[in-house]
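Trainee: My questions will all concern the structure given below.
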Amino acid sequence: MRPFRLLVAVLVALAVSTPAAAQFGKIKETINKKSDPKPVSAGAPADGGMVVLTPEVVDRLLAGGKAAQAEREKAAKEDTPYGRYVRAKAAYDVAQPKCGAAQVTWGQRAAADEKLLNRYSALLDKAMAAQQKGDMAGYEAGTYEALGVIDPSCAVKDPKQPDNFYDAQRATEERANQEKVRATGFTDREYGLASDRVIAILTGADVPGGASPSEKSAVSAKDPELKSLYGLRDAQAERIAKQVPPPDPTPAPAPVQAQAPTAAPAVNQCMVNNVQAHEAKIKALGDRGAAAQQAGNTQLMMAIADSIMQIQMAGCNK
């Protein structure tokens, strides 16, 4: 019985000691895991509240901005009410300065080219005739056709915004945001944290948690591109500005005083002569200008008023 009892005791001891050893191994493994830091991707908020700005992080932010802008441009090219409106609005904005410049010289050109003025007047007559018949679509079409004589840019219409424009705009921004996240590899929160730090450094504001010299260097290396991305300054405009030579420090010559005291009466007489020579045309233009004002067509009214003034002043400033 003693050998049997001794064998039982040994078996029991082995049975108890094996789980204890295994348990001790698990405890040791847990301790090791807690002591080893988790690997953190470059720039990720390791402390849960800050993204370190490295050259790689800055490049990823720029890549995200480019991807988002590319998605916006893609939406603008699509054959949708939103896309068509964005393209038409861009064309109108480009045309406006050209039209304004053409209107400045229109009176002179009209006074010097009778055929051009007659063509313009005929189109105005056509527009006014449509208005008198209650044909407002014909009136609008004729008005823009007349403005096109001044310059084709003046015939570019300001497009009507579609009813669902803001919904479509929000959907486009959501698409752009998804492309931004895909290109950067950041979450929205990480992108926001990194962007806040970049903007603070660019604008000289206080940086949350402070900014290290390496972070400032990484941002400074891409200063123009980052300011363009965040709307702080257009990078292309800055490059062009750097190419503009500084102003000539030489003082401008003093203005020459008028020598002929009879200049004003001469100009007045010239204007009177022009009015008498073009009385019928000026009266017709005045009637059309009044009609345009009543119709609320300010652009046409201003163009007609400028035409009358230029006819009156033609050759009087020599």
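Going by the structure tokens order, chains are called A, B, ..., each with residues numbered from 1, while ligands are numbered from 1 in the order shown.
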Go through segment 142-196 of chain A residue by residue and, counting only C-alpha atoms, keep those with an atom at most 12 Å from segment 117-129 of chain A; for each kept residue give the shortest atom pair and its distance in Å to one decimal, ordered by chain and increasing number, as a tab-separated table.
Mentor:
residue	atom	partner	partner_atom	distance
A:Gly142	CA	A:Ala127	CA	4.5
A:Thr143	CA	A:Ala127	CA	5.7
A:Tyr144	CA	A:Ala127	CA	9.1
A:Glu145	CA	A:Leu123	CA	6.9
A:Ala146	CA	A:Leu123	CA	5.3
A:Leu147	CA	A:Tyr120	CA	7.9
A:Gly148	CA	A:Tyr120	CA	8.9
A:Val149	CA	A:Tyr120	CA	6.2
A:Ile150	CA	A:Tyr120	CA	8.0
A:Asp151	CA	A:Tyr120	CA	11.1
Trainee: From a backbone DSSP assignment, name each residue in segment 87-300 of chain A labelled helix (DSSP H, G or I), as a compact mmCIF listing (two decimals) with C-alpha atoms, in the first residue's frame.
Mentor:
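Done, and the output landed in part17.txt:
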# COMPACT_ATOMS: atom_id res chain seq x y z
CA ARG A 87 -19.63 74.89 -65.78
CA ALA A 88 -22.00 77.66 -66.89
CA LYS A 89 -21.27 79.74 -63.78
CA ALA A 90 -17.53 79.41 -64.37
CA ALA A 91 -17.96 80.54 -67.98
CA TYR A 92 -20.04 83.53 -66.86
CA ASP A 93 -17.45 84.58 -64.25
CA VAL A 94 -14.71 84.45 -66.88
CA ALA A 95 -16.78 86.46 -69.38
CA GLN A 96 -17.69 89.34 -67.07
CA PRO A 97 -14.32 91.15 -67.00
CA LYS A 98 -14.01 90.81 -70.78
CA CYS A 99 -17.50 92.23 -71.27
CA GLY A 100 -16.76 95.13 -68.94
CA ALA A 101 -13.63 96.01 -70.91
CA ALA A 102 -15.55 95.81 -74.20
CA GLN A 103 -18.29 98.11 -72.91
CA VAL A 104 -15.71 100.77 -72.10
CA THR A 105 -14.68 101.03 -75.75
CA TRP A 106 -18.09 100.27 -77.26
CA GLY A 107 -19.18 103.87 -77.76
CA GLN A 108 -16.01 104.75 -79.64
CA ARG A 109 -16.29 101.68 -81.83
CA ALA A 110 -19.96 102.33 -82.53
CA ALA A 111 -19.32 105.98 -83.43
CA ALA A 112 -16.50 104.96 -85.78
CA GLU A 114 -21.86 102.99 -88.66
CA LYS A 115 -22.60 99.45 -89.86
CA LEU A 116 -21.79 98.06 -86.43
CA LEU A 117 -24.03 100.62 -84.74
CA ASN A 118 -26.87 99.92 -87.20
CA ARG A 119 -26.60 96.20 -86.54
CA TYR A 120 -26.74 96.83 -82.81
CA SER A 121 -29.73 99.15 -83.22
CA ALA A 122 -31.60 96.65 -85.39
CA LEU A 123 -31.21 93.93 -82.80
CA LEU A 124 -32.42 96.29 -80.09
CA ASP A 125 -35.46 97.14 -82.20
CA LYS A 126 -36.14 93.42 -82.58
CA ALA A 127 -35.93 92.92 -78.83
CA MET A 128 -38.22 95.88 -78.10
CA ALA A 129 -40.78 94.68 -80.65
CA ALA A 130 -40.87 91.29 -78.90
CA GLN A 131 -41.38 93.00 -75.56
CA GLN A 132 -44.32 95.03 -76.88
CA MET A 136 -40.46 88.03 -73.00
CA ALA A 137 -38.45 85.03 -74.21
CA GLY A 138 -37.95 86.78 -77.54
CA TYR A 139 -37.10 90.00 -75.75
CA GLU A 140 -34.44 88.29 -73.64
CA ALA A 141 -32.97 86.48 -76.63
CA GLY A 142 -32.86 89.69 -78.68
CA THR A 143 -31.27 91.62 -75.82
CA TYR A 144 -28.44 89.13 -75.42
CA GLU A 145 -28.00 89.02 -79.20
CA ALA A 146 -27.55 92.80 -79.18
CA LEU A 147 -25.12 92.59 -76.28
CA GLY A 148 -23.16 90.05 -78.31
CA VAL A 149 -22.48 92.77 -80.87
CA ILE A 150 -20.61 94.71 -78.19
CA PRO A 152 -19.43 87.83 -77.46
CA SER A 153 -18.56 87.74 -73.74
CA CYS A 154 -21.48 90.10 -73.05
CA ALA A 155 -23.91 87.48 -74.40
CA PHE A 165 -28.01 72.73 -55.95
CA TYR A 166 -27.15 72.67 -52.23
CA ASP A 167 -28.09 68.99 -51.85
CA ALA A 168 -25.91 68.17 -54.85
CA GLN A 169 -23.11 70.31 -53.47
CA ARG A 170 -23.20 68.46 -50.15
CA ALA A 171 -23.17 65.12 -51.97
CA THR A 172 -20.16 66.27 -53.98
CA GLU A 173 -18.31 67.31 -50.84
CA GLU A 174 -19.03 63.91 -49.30
CA ARG A 175 -17.53 62.24 -52.37
CA ALA A 176 -14.52 64.53 -52.11
CA ASN A 177 -14.12 63.69 -48.42
CA GLN A 178 -14.15 59.96 -49.14
CA GLU A 179 -11.41 60.39 -51.73
CA LYS A 180 -9.42 62.50 -49.27
CA VAL A 181 -9.61 59.81 -46.59
CA ARG A 182 -8.68 57.13 -49.11
CA ALA A 183 -5.65 59.08 -50.35
CA THR A 184 -4.31 60.07 -46.92
CA ASP A 188 -11.57 62.22 -40.40
CA ARG A 189 -10.42 62.90 -36.83
CA GLU A 190 -6.75 62.38 -37.64
CA TYR A 191 -7.02 64.57 -40.75
CA GLY A 192 -8.68 67.29 -38.70
CA LEU A 193 -6.04 67.16 -35.96
CA ALA A 194 -3.20 67.33 -38.48
CA SER A 195 -4.87 70.14 -40.41
CA ASP A 196 -5.42 72.20 -37.24
CA ARG A 197 -1.71 71.98 -36.44
CA VAL A 198 -0.68 72.87 -40.00
CA ILE A 199 -2.98 75.91 -40.14
CA ALA A 200 -1.78 77.10 -36.73
CA ILE A 201 1.86 76.91 -37.87
CA LEU A 202 1.11 78.62 -41.19
CA THR A 203 -0.77 81.49 -39.54
CA PRO A 213 11.30 72.56 -34.89
CA SER A 214 11.02 69.47 -37.12
CA GLU A 215 7.26 69.99 -37.47
CA LYS A 216 7.71 73.66 -38.39
CA SER A 217 10.36 72.65 -40.92
CA ALA A 218 8.09 70.04 -42.51
CA VAL A 219 5.30 72.60 -42.89
CA SER A 220 7.61 75.39 -44.08
CA ASP A 223 4.28 76.47 -47.38
CA PRO A 224 2.77 77.66 -50.72
CA GLU A 225 1.06 74.33 -51.47
CA LEU A 226 -0.38 74.03 -47.97
CA LYS A 227 -1.69 77.61 -47.96
CA SER A 228 -3.34 76.93 -51.29
CA LEU A 229 -4.86 73.70 -49.95
CA ALA A 235 0.21 78.99 -54.59
CA GLN A 236 0.18 79.96 -58.26
CA ALA A 237 -0.62 83.58 -57.45
CA GLU A 238 2.32 83.65 -55.07
CA ARG A 239 4.71 82.30 -57.70
CA ILE A 240 3.52 84.90 -60.20
CA ALA A 241 3.90 87.66 -57.62
CA LYS A 242 7.52 86.65 -57.05
CA GLN A 243 8.21 87.09 -60.77
CA ALA A 263 -10.19 123.71 -73.92
CA ALA A 264 -13.48 123.32 -72.03
CA PRO A 265 -15.54 125.47 -74.41
CA ALA A 266 -13.97 123.58 -77.32
CA VAL A 267 -15.03 120.23 -75.84
CA ASN A 268 -18.54 121.51 -75.21
CA GLN A 269 -18.84 122.70 -78.79
CA CYS A 270 -17.57 119.34 -80.04
CA MET A 271 -20.23 117.53 -78.01
CA VAL A 272 -22.94 119.84 -79.33
CA ASN A 273 -21.80 119.13 -82.88
CA ASN A 274 -21.91 115.36 -82.23
CA VAL A 275 -25.41 115.53 -80.78
CA GLN A 276 -26.65 117.50 -83.79
CA ALA A 277 -24.95 115.11 -86.23
CA GLU A 279 -29.57 113.33 -83.11
CA ALA A 280 -31.77 110.56 -84.54
CA LYS A 281 -29.48 107.77 -83.33
CA ILE A 282 -29.14 109.28 -79.86
CA LYS A 283 -32.92 109.66 -79.54
CA ALA A 284 -33.50 106.08 -80.63
CA LEU A 285 -30.89 104.80 -78.18
CA GLY A 286 -32.44 106.90 -75.41
CA ASP A 287 -35.87 105.36 -76.04
CA ARG A 288 -34.39 101.87 -75.94
CA GLY A 289 -32.51 102.68 -72.76
CA ALA A 290 -35.72 103.84 -71.08
CA ALA A 291 -37.49 100.66 -72.18
CA ALA A 292 -34.63 98.52 -70.87
CA GLN A 293 -34.83 100.31 -67.53
CA GLN A 294 -38.57 99.66 -67.28
CA THR A 298 -29.81 97.00 -66.07
CA GLN A 299 -26.99 95.52 -68.12
CA LEU A 300 -28.56 96.62 -71.40
Trainee: Please compute the atom CA of Arg84 of chain A-atom CA of Pro162 of chain A distance, one decimal, in Å.
Mentor: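 Interatomic distance here is 9.5 Å.
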Trainee: Rounded to one decimal place, report the atom CA of His278 of chain A-atom CA of Ala305 of chain A distance in Å.
Mentor: 14.6 Å
